[in-house]
$ cat structure31.txt   # compact mmCIF, C-alpha atoms
# COMPACT_ATOMS: atom_id res chain seq x y z
CA MET A 1 -14.53 6.18 -26.37
CA ALA A 2 -11.00 5.39 -25.15
CA ARG A 3 -10.21 6.79 -21.72
CA SER A 4 -7.10 8.83 -20.95
CA LEU A 5 -5.18 8.19 -17.75
CA ASP A 6 -6.87 11.18 -16.12
CA ASP A 7 -10.24 9.76 -17.17
CA TRP A 8 -9.35 6.42 -15.62
CA LEU A 9 -8.21 7.95 -12.34
CA ALA A 10 -11.42 9.96 -12.06
CA TYR A 11 -13.42 6.81 -12.88
CA ILE A 12 -11.76 4.50 -10.34
CA GLU A 13 -12.22 7.09 -7.57
CA ARG A 14 -15.99 6.70 -8.04
CA GLN A 15 -16.26 2.92 -8.18
CA HIS A 16 -16.38 2.06 -4.47
CA PRO A 17 -18.45 3.86 -1.83
CA GLN A 18 -15.47 3.85 0.54
CA SER A 19 -11.98 5.17 -0.13
CA ILE A 20 -10.60 2.38 2.08
CA ALA A 21 -12.25 -1.04 2.33
CA MET A 22 -9.99 -3.59 3.97
CA GLY A 23 -10.07 -7.21 2.78
CA LEU A 24 -8.55 -9.46 0.15
CA GLU A 25 -11.58 -11.33 -1.17
CA ARG A 26 -12.56 -8.86 -3.90
CA VAL A 27 -9.09 -8.08 -5.17
CA ALA A 28 -8.00 -11.74 -5.05
CA ASP A 29 -11.05 -12.78 -7.05
CA VAL A 30 -10.30 -10.25 -9.80
CA ALA A 31 -6.61 -11.17 -9.77
CA GLU A 32 -7.55 -14.80 -10.38
CA ARG A 33 -9.74 -13.82 -13.34
CA MET A 34 -6.83 -11.80 -14.74
CA GLY A 35 -4.52 -14.79 -14.44
CA LEU A 36 -2.18 -12.90 -12.11
CA THR A 37 0.07 -15.27 -10.24
CA ARG A 38 3.68 -14.16 -9.83
CA PRO A 39 4.61 -10.62 -10.90
CA ALA A 40 8.32 -11.49 -11.03
CA ARG A 41 10.85 -14.25 -10.42
CA HIS A 42 11.38 -12.88 -6.90
CA VAL A 43 9.05 -10.73 -4.76
CA ILE A 44 9.81 -8.60 -1.71
CA THR A 45 6.90 -6.99 0.14
CA VAL A 46 7.60 -4.02 2.42
CA ALA A 47 5.33 -2.89 5.25
CA GLY A 48 5.93 -0.51 8.15
CA THR A 49 4.80 2.70 9.79
CA ASN A 50 7.71 4.73 8.42
CA GLY A 51 10.65 4.05 6.13
CA LYS A 52 8.82 1.95 3.54
CA GLY A 53 9.46 4.20 0.55
CA SER A 54 13.14 4.66 1.34
CA THR A 55 13.65 0.94 1.95
CA VAL A 56 11.98 0.14 -1.37
CA ALA A 57 14.27 2.68 -3.06
CA PHE A 58 17.40 1.08 -1.58
CA ILE A 59 16.28 -2.43 -2.59
CA GLU A 60 15.45 -1.23 -6.09
CA ALA A 61 18.72 0.66 -6.56
CA ILE A 62 20.86 -2.27 -5.36
CA ALA A 63 18.98 -4.78 -7.50
CA ARG A 64 19.28 -2.60 -10.59
CA ALA A 65 22.99 -2.10 -9.92
CA ALA A 66 23.27 -5.90 -9.90
CA GLY A 67 21.74 -5.97 -13.38
CA TRP A 68 18.30 -7.19 -12.33
CA ARG A 69 15.20 -6.07 -14.22
CA THR A 70 13.16 -4.62 -11.40
CA GLY A 71 9.63 -3.36 -10.80
CA ALA A 72 8.54 -1.26 -7.82
CA TYR A 73 5.01 -0.42 -6.71
CA THR A 74 4.70 2.38 -4.15
CA SER A 75 2.11 4.80 -2.84
CA PRO A 76 0.99 7.51 -2.57
CA HIS A 77 2.45 9.75 -5.26
CA LEU A 78 3.60 13.35 -5.05
CA LEU A 79 2.78 14.86 -8.45
CA ARG A 80 1.74 12.20 -10.95
CA TYR A 81 0.06 8.84 -10.54
CA ASN A 82 2.74 7.34 -12.82
CA GLU A 83 5.23 7.59 -9.92
CA ARG A 84 3.50 4.62 -8.26
CA VAL A 85 4.65 2.07 -10.85
CA ARG A 86 8.30 1.89 -11.89
CA ILE A 87 9.84 -0.64 -14.25
CA ASP A 88 13.58 -0.70 -14.77
CA GLY A 89 13.89 2.64 -12.99
CA HIS A 90 11.30 4.48 -15.09
CA ASP A 91 7.77 5.57 -14.17
CA ALA A 92 5.09 3.78 -16.17
CA ASP A 93 3.82 5.96 -19.00
CA ASP A 94 0.19 6.95 -19.45
CA LEU A 95 -0.52 4.47 -22.24
CA ALA A 96 0.83 1.51 -20.25
CA LEU A 97 -1.33 2.42 -17.25
CA VAL A 98 -4.39 2.88 -19.48
CA HIS A 99 -3.89 -0.63 -20.91
CA ALA A 100 -3.50 -1.99 -17.39
CA PHE A 101 -6.72 -0.36 -16.18
CA ASP A 102 -8.46 -1.69 -19.29
CA ALA A 103 -7.36 -5.19 -18.26
CA VAL A 104 -8.63 -4.74 -14.70
CA GLU A 105 -11.96 -3.39 -15.86
CA ALA A 106 -12.44 -6.25 -18.31
CA ALA A 107 -11.90 -8.80 -15.54
CA ARG A 108 -13.72 -7.29 -12.58
CA GLY A 109 -17.30 -7.81 -13.74
CA ASP A 110 -19.62 -6.63 -10.95
CA THR A 111 -16.90 -6.63 -8.30
CA GLN A 112 -16.43 -3.25 -6.69
CA LEU A 113 -12.82 -2.21 -6.21
CA THR A 114 -11.29 0.69 -4.33
CA TYR A 115 -8.89 3.15 -5.93
CA PHE A 116 -5.92 1.36 -4.34
CA GLU A 117 -7.16 -2.07 -5.39
CA TYR A 118 -7.50 -0.94 -9.00
CA GLY A 119 -3.98 0.47 -8.86
CA THR A 120 -2.50 -2.64 -7.28
CA LEU A 121 -4.00 -4.96 -9.88
CA ALA A 122 -2.88 -2.62 -12.67
CA ALA A 123 0.69 -2.62 -11.33
CA LEU A 124 0.78 -6.40 -10.98
CA TRP A 125 -0.57 -6.79 -14.52
CA LEU A 126 2.14 -4.49 -15.89
CA PHE A 127 4.84 -6.36 -13.97
CA ALA A 128 3.54 -9.65 -15.33
CA GLN A 129 3.96 -8.39 -18.90
CA ASP A 130 7.70 -8.01 -18.31
CA GLU A 131 10.09 -10.77 -17.40
CA LEU A 132 11.12 -9.13 -14.14
CA ASP A 133 13.78 -10.51 -11.87
CA LEU A 134 12.36 -8.72 -8.85
CA ALA A 135 9.11 -7.01 -7.90
CA ILE A 136 9.10 -4.81 -4.79
CA LEU A 137 5.62 -4.18 -3.41
CA GLU A 138 4.99 -1.46 -0.82
CA VAL A 139 2.01 -2.03 1.47
CA GLY A 140 -0.46 0.84 1.39
CA LEU A 141 -2.09 0.39 4.80
CA GLY A 142 -1.36 -2.22 7.46
CA GLY A 143 -0.45 -5.47 5.78
CA ARG A 144 -2.73 -8.42 6.51
CA LEU A 145 -5.70 -7.04 4.57
CA ASP A 146 -3.82 -4.76 2.17
CA ALA A 147 -4.28 -5.48 -1.55
CA VAL A 148 -0.58 -6.22 -2.17
CA ASN A 149 -0.86 -9.10 0.31
CA LEU A 150 -2.60 -11.19 -2.35
CA VAL A 151 0.94 -11.92 -3.62
CA ASP A 152 3.09 -14.40 -1.69
CA PRO A 153 6.48 -12.72 -1.17
CA ASP A 154 9.79 -14.55 -1.02
CA VAL A 155 10.86 -12.06 1.65
CA ALA A 156 8.63 -9.88 3.83
CA VAL A 157 9.97 -6.69 5.41
CA ILE A 158 8.56 -4.65 8.29
CA THR A 159 10.56 -1.45 8.65
CA THR A 160 9.05 0.00 11.84
CA VAL A 161 5.90 -0.34 13.93
CA ASP A 162 4.44 2.75 15.56
CA LEU A 163 1.14 4.56 15.94
CA ASP A 164 -0.55 5.69 12.72
CA HIS A 165 -3.86 4.94 10.97
CA GLN A 166 -5.29 3.94 14.36
CA ASP A 167 -8.86 4.07 13.04
CA TRP A 168 -8.00 1.12 10.82
CA LEU A 169 -5.16 -0.70 12.55
CA GLY A 170 -5.66 -0.29 16.30
CA ASN A 171 -4.42 1.91 19.12
CA ASP A 172 -1.22 0.23 20.28
CA ARG A 173 1.95 -1.23 18.75
CA GLU A 174 0.98 -4.81 19.52
CA VAL A 175 -2.28 -4.65 17.58
CA ILE A 176 -0.73 -2.66 14.75
CA GLY A 177 2.21 -5.08 14.64
CA ALA A 178 -0.15 -8.03 14.25
CA GLU A 179 -1.71 -6.36 11.21
CA LYS A 180 1.66 -5.62 9.61
CA ALA A 181 2.94 -9.13 10.33
CA GLY A 182 0.18 -10.47 8.11
CA ILE A 183 2.53 -10.13 5.13
CA ALA A 184 4.84 -12.83 6.55
CA ARG A 185 4.69 -16.28 4.96
CA ALA A 186 5.33 -19.70 6.42
CA TRP A 187 8.98 -20.80 6.25
CA LYS A 188 9.99 -17.58 4.47
CA PRO A 189 12.26 -14.80 5.79
CA LEU A 190 10.72 -11.88 7.68
CA VAL A 191 13.17 -8.96 7.97
CA LEU A 192 12.52 -6.56 10.87
CA GLY A 193 14.03 -3.09 10.90
CA ASP A 194 13.04 -2.40 14.53
CA ASP A 195 15.49 -3.29 17.29
CA ASP A 196 12.54 -4.11 19.53
CA PRO A 197 9.61 -5.24 17.39
CA PRO A 198 6.25 -5.90 19.07
CA SER A 199 5.81 -9.38 20.48
CA SER A 200 2.82 -9.80 18.15
CA VAL A 201 5.20 -9.66 15.18
CA LEU A 202 7.62 -12.19 16.65
CA GLY A 203 4.71 -14.38 17.74
CA ARG A 204 3.31 -14.46 14.21
CA ALA A 205 6.72 -15.43 12.83
CA TYR A 206 7.07 -18.21 15.41
CA ARG A 207 3.59 -19.63 14.78
CA ILE A 208 4.01 -19.92 11.01
CA GLY A 209 7.68 -20.87 10.96
CA ALA A 210 8.85 -17.64 9.33
CA SER A 211 12.52 -16.90 9.86
CA ALA A 212 12.70 -13.55 11.71
CA ILE A 213 15.83 -11.58 10.77
CA ARG A 214 16.16 -8.72 13.25
CA ALA A 215 18.13 -5.48 13.17
CA ASN A 216 20.94 -5.43 15.74
CA CYS A 217 20.31 -9.08 16.48
CA ASP A 218 20.83 -10.95 13.20
CA PHE A 219 22.32 -8.10 11.17
CA PHE A 220 24.21 -5.03 12.35
CA PHE A 221 25.17 -1.61 11.08
CA GLU A 222 27.41 1.11 12.46
CA PRO A 223 29.21 4.20 11.15
CA ILE A 224 32.94 3.96 10.50
CA ASP A 225 33.54 7.64 9.73
CA ALA A 226 31.68 10.55 8.17
CA GLU A 227 31.65 8.91 4.73
CA THR A 228 31.54 5.18 5.45
CA TRP A 229 29.51 2.66 7.42
CA ARG A 230 29.55 -1.11 7.86
CA TRP A 231 26.79 -3.68 7.43
CA ARG A 232 27.49 -7.12 8.82
CA GLU A 233 26.06 -10.49 9.70
CA VAL A 234 27.75 -13.75 10.65
CA ASN A 235 30.61 -14.43 8.21
CA PHE A 236 29.78 -11.50 5.94
CA ALA A 237 30.42 -7.75 6.04
CA LEU A 238 30.19 -4.76 3.72
CA ASP A 239 31.89 -1.38 4.03
CA LEU A 240 29.60 1.09 2.29
CA PRO A 241 29.31 4.79 1.41
CA THR A 242 26.98 6.96 3.45
CA PRO A 243 23.49 6.87 1.88
CA ALA A 244 22.68 9.73 -0.45
CA LEU A 245 19.33 9.94 1.32
CA ALA A 246 19.75 12.27 4.28
CA ALA A 247 18.75 11.68 7.94
CA PRO A 248 20.38 9.31 10.43
CA VAL A 249 17.46 6.89 10.08
CA GLN A 250 18.40 6.18 6.45
CA MET A 251 21.32 4.01 7.54
CA ARG A 252 18.79 1.74 9.25
CA ASN A 253 16.56 1.72 6.17
CA ALA A 254 19.56 0.89 3.97
CA ALA A 255 20.63 -1.86 6.37
CA THR A 256 17.12 -3.33 6.32
CA ALA A 257 17.12 -3.28 2.50
CA ILE A 258 20.45 -5.13 2.41
CA ALA A 259 19.12 -7.72 4.85
CA ALA A 260 16.08 -8.26 2.62
CA LEU A 261 18.20 -8.85 -0.47
CA ARG A 262 20.59 -11.11 1.45
CA ALA A 263 17.57 -13.12 2.61
CA LEU A 264 16.70 -13.89 -1.02
CA ASP A 265 19.86 -16.00 -1.05
CA VAL A 266 20.73 -14.92 -4.60
CA ALA A 267 24.25 -13.79 -5.46
CA ILE A 268 24.68 -10.00 -5.60
CA PRO A 269 28.07 -8.40 -6.33
CA ARG A 270 29.51 -6.37 -3.47
CA GLU A 271 29.87 -3.35 -5.72
CA ALA A 272 26.12 -3.42 -6.42
CA PHE A 273 25.40 -2.86 -2.72
CA ALA A 274 27.75 0.12 -2.62
CA HIS A 275 26.43 1.63 -5.85
CA GLY A 276 22.78 1.21 -4.86
CA ILE A 277 23.25 2.75 -1.41
CA ALA A 278 25.02 5.75 -2.92
CA GLU A 279 22.48 6.25 -5.72
CA ALA A 280 19.09 5.59 -4.12
CA ALA A 281 16.88 8.68 -4.04
CA VAL A 282 13.28 9.38 -3.10
CA ALA A 283 11.55 12.71 -3.67
CA GLY A 284 10.05 14.25 -0.55
CA ARG A 285 12.33 12.56 1.98
CA LEU A 286 14.49 15.38 3.34
CA GLN A 287 14.67 16.68 -0.22
CA ARG A 288 16.66 19.89 -0.14
CA ILE A 289 16.86 22.79 -2.55
CA GLU A 290 18.23 26.31 -2.14
CA ARG A 291 16.52 29.54 -3.13
CA ASP A 292 18.18 32.94 -2.56
CA GLY A 293 20.48 31.51 0.09
CA ILE A 294 17.56 29.92 1.96
CA GLU A 295 17.54 26.14 2.38
CA VAL A 296 14.13 24.58 1.71
CA VAL A 297 13.70 21.06 3.10
CA LEU A 298 10.72 18.98 1.94
CA ASP A 299 9.62 15.93 3.90
CA VAL A 300 6.47 13.82 3.80
CA GLY A 301 6.76 12.83 7.49
CA HIS A 302 3.28 12.84 9.00
CA ASN A 303 3.30 11.01 12.35
CA PRO A 304 5.19 11.37 15.65
CA GLN A 305 7.76 8.69 14.83
CA ALA A 306 8.64 10.46 11.57
CA ALA A 307 8.71 13.81 13.42
CA ARG A 308 11.19 12.42 15.94
CA ALA A 309 13.43 11.35 13.05
CA LEU A 310 13.11 14.85 11.56
CA ALA A 311 14.04 16.41 14.91
CA GLU A 312 17.08 14.15 15.12
CA TRP A 313 18.21 15.29 11.66
CA LEU A 314 17.63 18.97 12.52
CA ALA A 315 19.72 18.57 15.66
CA ALA A 316 22.53 16.83 13.77
CA THR A 317 22.44 19.34 10.87
CA PRO A 318 21.82 22.78 12.34
CA ALA A 319 20.92 25.69 10.09
CA ARG A 320 23.15 28.75 9.93
CA GLY A 321 20.15 30.89 10.87
CA ARG A 322 16.59 30.26 12.01
CA THR A 323 14.37 27.29 11.19
CA PHE A 324 10.82 27.98 10.02
CA ALA A 325 8.22 25.21 9.71
CA VAL A 326 5.50 25.18 7.08
CA TYR A 327 3.14 22.51 8.38
CA ALA A 328 -0.05 21.07 6.91
CA ALA A 329 -1.53 17.71 7.95
CA LEU A 330 -4.54 15.53 7.23
CA GLY A 331 -7.35 15.50 9.75
CA ASP A 332 -6.76 11.95 11.00
CA LYS A 333 -3.12 12.46 11.98
CA ASP A 334 -1.67 13.03 15.46
CA ALA A 335 -0.70 16.63 14.72
CA ARG A 336 -0.12 17.49 18.38
CA GLY A 337 2.33 14.60 18.74
CA VAL A 338 4.16 15.79 15.65
CA VAL A 339 4.47 19.35 16.94
CA GLU A 340 5.63 18.18 20.37
CA ALA A 341 8.43 16.18 18.75
CA LEU A 342 9.63 19.07 16.59
CA ALA A 343 8.87 22.19 18.62
CA PRO A 344 12.31 22.51 20.28
CA ARG A 345 13.89 22.73 16.80
CA ILE A 346 11.48 25.26 15.25
CA ASP A 347 11.72 29.03 15.59
CA ARG A 348 8.51 29.99 13.75
CA TRP A 349 5.46 28.11 12.51
CA PHE A 350 3.40 28.69 9.36
CA LEU A 351 0.23 26.58 9.26
CA ALA A 352 -1.62 25.70 6.07
CA GLY A 353 -4.89 24.06 5.19
CA LEU A 354 -5.35 20.99 2.98
CA GLU A 355 -8.95 21.40 1.90
CA GLY A 356 -8.22 19.92 -1.51
CA ALA A 357 -6.89 16.65 -0.09
CA GLY A 358 -10.19 14.79 -0.09
CA PRO A 359 -12.30 13.72 2.90
CA ARG A 360 -9.32 13.80 5.28
CA GLY A 361 -8.32 17.34 4.30
CA GLN A 362 -9.05 20.22 6.65
CA PRO A 363 -9.15 24.02 6.55
CA VAL A 364 -6.37 25.85 8.34
CA ASP A 365 -8.56 27.24 11.15
CA ALA A 366 -9.74 23.74 12.10
CA PHE A 367 -6.13 22.56 11.92
CA ALA A 368 -4.96 25.36 14.20
CA GLU A 369 -7.74 24.60 16.70
CA ARG A 370 -6.47 21.03 16.99
CA LEU A 371 -3.05 22.42 17.89
CA GLN A 372 -4.21 24.67 20.73
CA GLY A 373 -1.77 24.59 23.63
CA THR A 374 1.22 23.84 21.39
CA PRO A 375 3.80 26.33 20.05
CA ALA A 376 2.44 25.84 16.54
CA ALA A 377 -1.03 27.16 17.42
CA ALA A 378 0.22 30.75 17.42
CA GLY A 379 1.73 30.38 13.95
CA ALA A 380 0.55 32.34 10.94
CA ARG A 381 -2.44 30.73 9.19
CA HIS A 382 -2.74 30.31 5.43
CA ALA A 383 -5.43 28.63 3.38
CA GLU A 384 -2.96 26.77 1.17
CA VAL A 385 0.56 25.39 1.35
CA ALA A 386 1.73 27.62 -1.50
CA THR A 387 0.74 30.83 0.32
CA ALA A 388 2.24 29.61 3.61
CA LEU A 389 5.49 28.79 1.82
CA ALA A 390 5.52 32.17 0.09
CA ALA A 391 5.03 33.94 3.43
CA ALA A 392 7.81 31.95 5.07
CA ARG A 393 10.17 32.70 2.19
CA LYS A 394 9.33 36.39 2.41
CA ASP A 395 10.23 36.50 6.11
CA ALA A 396 13.37 34.35 5.80
CA VAL A 397 16.85 35.64 5.07
CA ALA A 398 19.95 33.96 3.69
CA GLY A 399 21.09 31.24 6.09
CA ASP A 400 17.59 30.43 7.33
CA ARG A 401 15.99 27.04 6.75
CA LEU A 402 12.38 26.32 5.76
CA LEU A 403 11.07 22.87 6.70
CA VAL A 404 7.94 22.03 4.68
CA PHE A 405 6.32 18.84 5.92
CA GLY A 406 3.25 16.99 7.14
CA SER A 407 1.94 14.81 4.30
CA PHE A 408 2.41 13.82 0.67
CA HIS A 409 -0.18 16.47 -0.19
CA THR A 410 1.86 19.13 1.62
CA VAL A 411 5.07 18.28 -0.18
CA GLY A 412 3.35 17.85 -3.53
CA GLU A 413 1.82 21.33 -3.30
CA ALA A 414 5.17 22.79 -2.23
CA ILE A 415 6.99 21.16 -5.13
CA ALA A 416 4.42 22.55 -7.54
CA ALA A 417 4.87 26.02 -6.02
CA LEU A 418 8.67 25.86 -6.12
CA GLY A 419 8.74 24.86 -9.78
CA SER A 420 10.98 22.80 -12.01
CA GLU A 421 14.04 22.51 -9.76
CA ALA A 422 12.04 20.79 -7.02
CA LYS A 423 10.08 18.65 -9.52
CA GLU A 424 13.31 17.26 -10.90
CA GLY A 425 14.43 16.32 -7.40
CA ARG A 426 17.67 18.28 -7.42
CA GLY A 427 19.05 18.80 -3.93
CA LEU A 428 21.84 20.73 -2.33
$ encode --input "structure31.txt" --output "structure tokens"
Amino acid sequence: MARSLDDWLAYIERQHPQSIAMGLERVADVAERMGLTRPARHVITVAGTNGKGSTVAFIEAIARAAGWRTGAYTSPHLLRYNERVRIDGHDADDLALVHAFDAVEAARGDTQLTYFEYGTLAALWLFAQDELDLAILEVGLGGRLDAVNLVDPDVAVITTVDLDHQDWLGNDREVIGAEKAGIARAWKPLVLGDDDPPSSVLGRAYRIGASAIRANCDFFFEPIDAETWRWREVNFALDLPTPALAAPVQMRNAATAIAALRALDVAIPREAFAHGIAEAAVAGRLQRIERDGIEVVLDVGHNPQAARALAEWLAATPARGRTFAVYAALGDKDARGVVEALAPRIDRWFLAGLEGAGPRGQPVDAFAERLQGTPAAAGARHAEVATALAAARKDAVAGDRLLVFGSFHTVGEAIAALGSEAKEGRGL
């Protein structure tokens, strides 16, 4: 019997005893059997602790504005698996993904694949069916042993390096940087969005002859006024509109995306850069909607570095009234570090559980216990994000702001609770 997409997703969740199993041997072996070589004429792979999704969106929007046929593979998704695979700006439909999973299953034989490995091979197979000018591949976890690293990129990008996924990647920036730098290739450009990347990243580039292109060293970006900023390198500059994506950090992500496309050394019209920067959008990254005079801000930020960026945005864009936080996080995240970064900007906390988020989910009482000693620990407790959001909305008045954040699961549940306006991504 033919499987639906939902059938396939349920099936691939059961096919490996571990949800994460690092290593390229299995996925590379199946890719070879599928005849997967190059998913597009050009490939850019994007790794990093934070900023990956936004950087992919900027690259994609600029490339499409230049007339390139573009594919983008990202993870995780907010509402539908289809969001993970985009071709020419559109999510892959169910039938296309079903055919792709059929192709993976036919080739894998007895090889066990994880959920992410199935999805990566399916995306690469779909890209290979189209004559794409550019494929943009977002690393799921780390870099060196991530499934997307089976493809040799023309340009590798590392947006930031900070602490996250320590159980898999290590407990300091140097070790984590070494894992992320595994996407770099010999004699190919490696674009670095950090001003001060770990020495392990620079050392890897030096050893293999990769050309490191560093923010505020090899390319620069600075605001001109409230509506314009400048990107520049030696003998080249662009005056650009402020990114549609909110938060001060998005200028850095946009600048990193421009550096990646410039590193391809393929002609791109100046107007394509401007159009792409102005049009790029990603759901769940400071996504704002208004309900009854109350601003609701949705953000997938889930680690201290992302929380610091959120705090910076809150400071730069104060609410007219109070700021309430609806916070739910997975059990393996540094929730205390997140709260410490944001606490000075939050007036009231509403905690929620994520018991439906798989093995890493946690009930709200366990979550609150982990936050003992922080301002968030005294916050109201709710079993689910939807009920926490409803309680916050009930207590808020016009002019207040509700920040809903902590994970993709948190934002996905909030979008579902808020309804069609949030699902369509309409902001303020």
$ axis_aligned_box --input "structure31.txt" --around "segment 369-376 of chain A" --padding-each-side "4 Å" --output "JSON"
{"center_x": -2.0, "center_y": 23.7, "center_z": 20.1, "size_x": 19.5, "size_y": 13.3, "size_z": 15.1}
$ atom_distance --input "structure31.txt" --atom1 "atom CA of Gly53 of chain A" --atom2 "atom CA of Gly67 of chain A"
21.2 Å
$ residues_around --input "structure31.txt" --residues "Val43 of chain A" --least-positions-apart "4" --cutoff "8 Å" --atoms "only C-alpha atoms" --output "list of chain:residue names"
A:Pro39, A:Leu134, A:Ala135, A:Ile136, A:Leu137, A:Asp152, A:Pro153, A:Asp154, A:Val155
$ closest_residue --input "structure31.txt" --among "A:Thr410, A:Ala378, A:Gln305, A:Leu126" --to "Glu355 of chain A" --atoms "all atoms listed in the file"
A:Thr410
$ residues_around --input "structure31.txt" --residues "Asn253 of chain A" --least-positions-apart "3" --cutoff "6 Å" --atoms "all atoms listed in the file" --output "JSON list (two decimals) with C-alpha atoms, keeping the file's coordinate frame"
[["chain", "number", "residue", "atom", "x", "y", "z"],
["A", 55, "THR", "CA", 13.65, 0.94, 1.95],
["A", 250, "GLN", "CA", 18.40, 6.18, 6.45],
["A", 256, "THR", "CA", 17.12, -3.33, 6.32]]
$ closest_residue --input "structure31.txt" --among "A:Ala274, A:Ala283, A:Val296, A:Val411" --to "Ile258 of chain A" --atoms "all atoms listed in the file"
A:Ala274
$ residues_around --input "structure31.txt" --residues "segment 225-234 of chain A" --least-positions-apart "2" --cutoff "12 Å" --atoms "all atoms listed in the file" --output "PyMOL selection string"
chain A and resi 213-223+236-244+248+250-259+262-263+270+273-274+277-278
$ residues_near_point --input "structure31.txt" --point "(1.0, -5.5, -16.6)" --cutoff "10 Å" --atoms "all atoms listed in the file" --output "ChimeraX atom specification"
/A:36,39,96-97,99-101,103-104,121-130
$ residues_near_point --input "structure31.txt" --point "(25.3, -5.1, -8.7)" --cutoff "6 Å" --atoms "all atoms listed in the file" --output "MDAnalysis selection string"
chainID A and resid 65:67 268:269 271:272
$ residues_around --input "structure31.txt" --residues "Ala72 of chain A" --least-positions-apart "5" --cutoff "8 Å" --atoms "only C-alpha atoms" --output "list in words"
Val56, Glu60, Arg84, Val85, Arg86, Ile87, Ala135, Ile136, Leu137 and Glu138 of chain A
$ closest_residue --input "structure31.txt" --among "A:Ala319, A:Ala368, A:Ala178, A:Val326" --to "Ala392 of chain A" --atoms "all atoms listed in the file"
A:Val326
$ residues_around --input "structure31.txt" --residues "Glu279 of chain A" --least-positions-apart "3" --cutoff "7 Å" --atoms "only C-alpha atoms" --output "list in words"
Ala61, Ala244, His275 and Gly276 of chain A
$ write_last_selection --input "structure31.txt" --atoms "C-alpha atoms" --output "PDB file, in the frame of the given file"
ATOM      1  CA  ALA A  61      18.720   0.660  -6.560  1.00  0.00           C
ATOM      2  CA  ALA A 244      22.680   9.730  -0.450  1.00  0.00           C
ATOM      3  CA  HIS A 275      26.430   1.630  -5.850  1.00  0.00           C
ATOM      4  CA  GLY A 276      22.780   1.210  -4.860  1.00  0.00           C
TER       5      GLY A 276
END
$ atom_distance --input "structure31.txt" --atom1 "atom CA of Asp102 of chain A" --atom2 "atom CA of Gly71 of chain A"
20.1 Å
$ atom_distance --input "structure31.txt" --atom1 "atom CA of Tyr73 of chain A" --atom2 "atom CA of Gly331 of chain A"
26.0 Å
$ closest_residue --input "structure31.txt" --among "A:Ala181, A:Leu264, A:Val139, A:Ala107" --to "Ile59 of chain A" --atoms "all atoms listed in the file"
A:Leu264
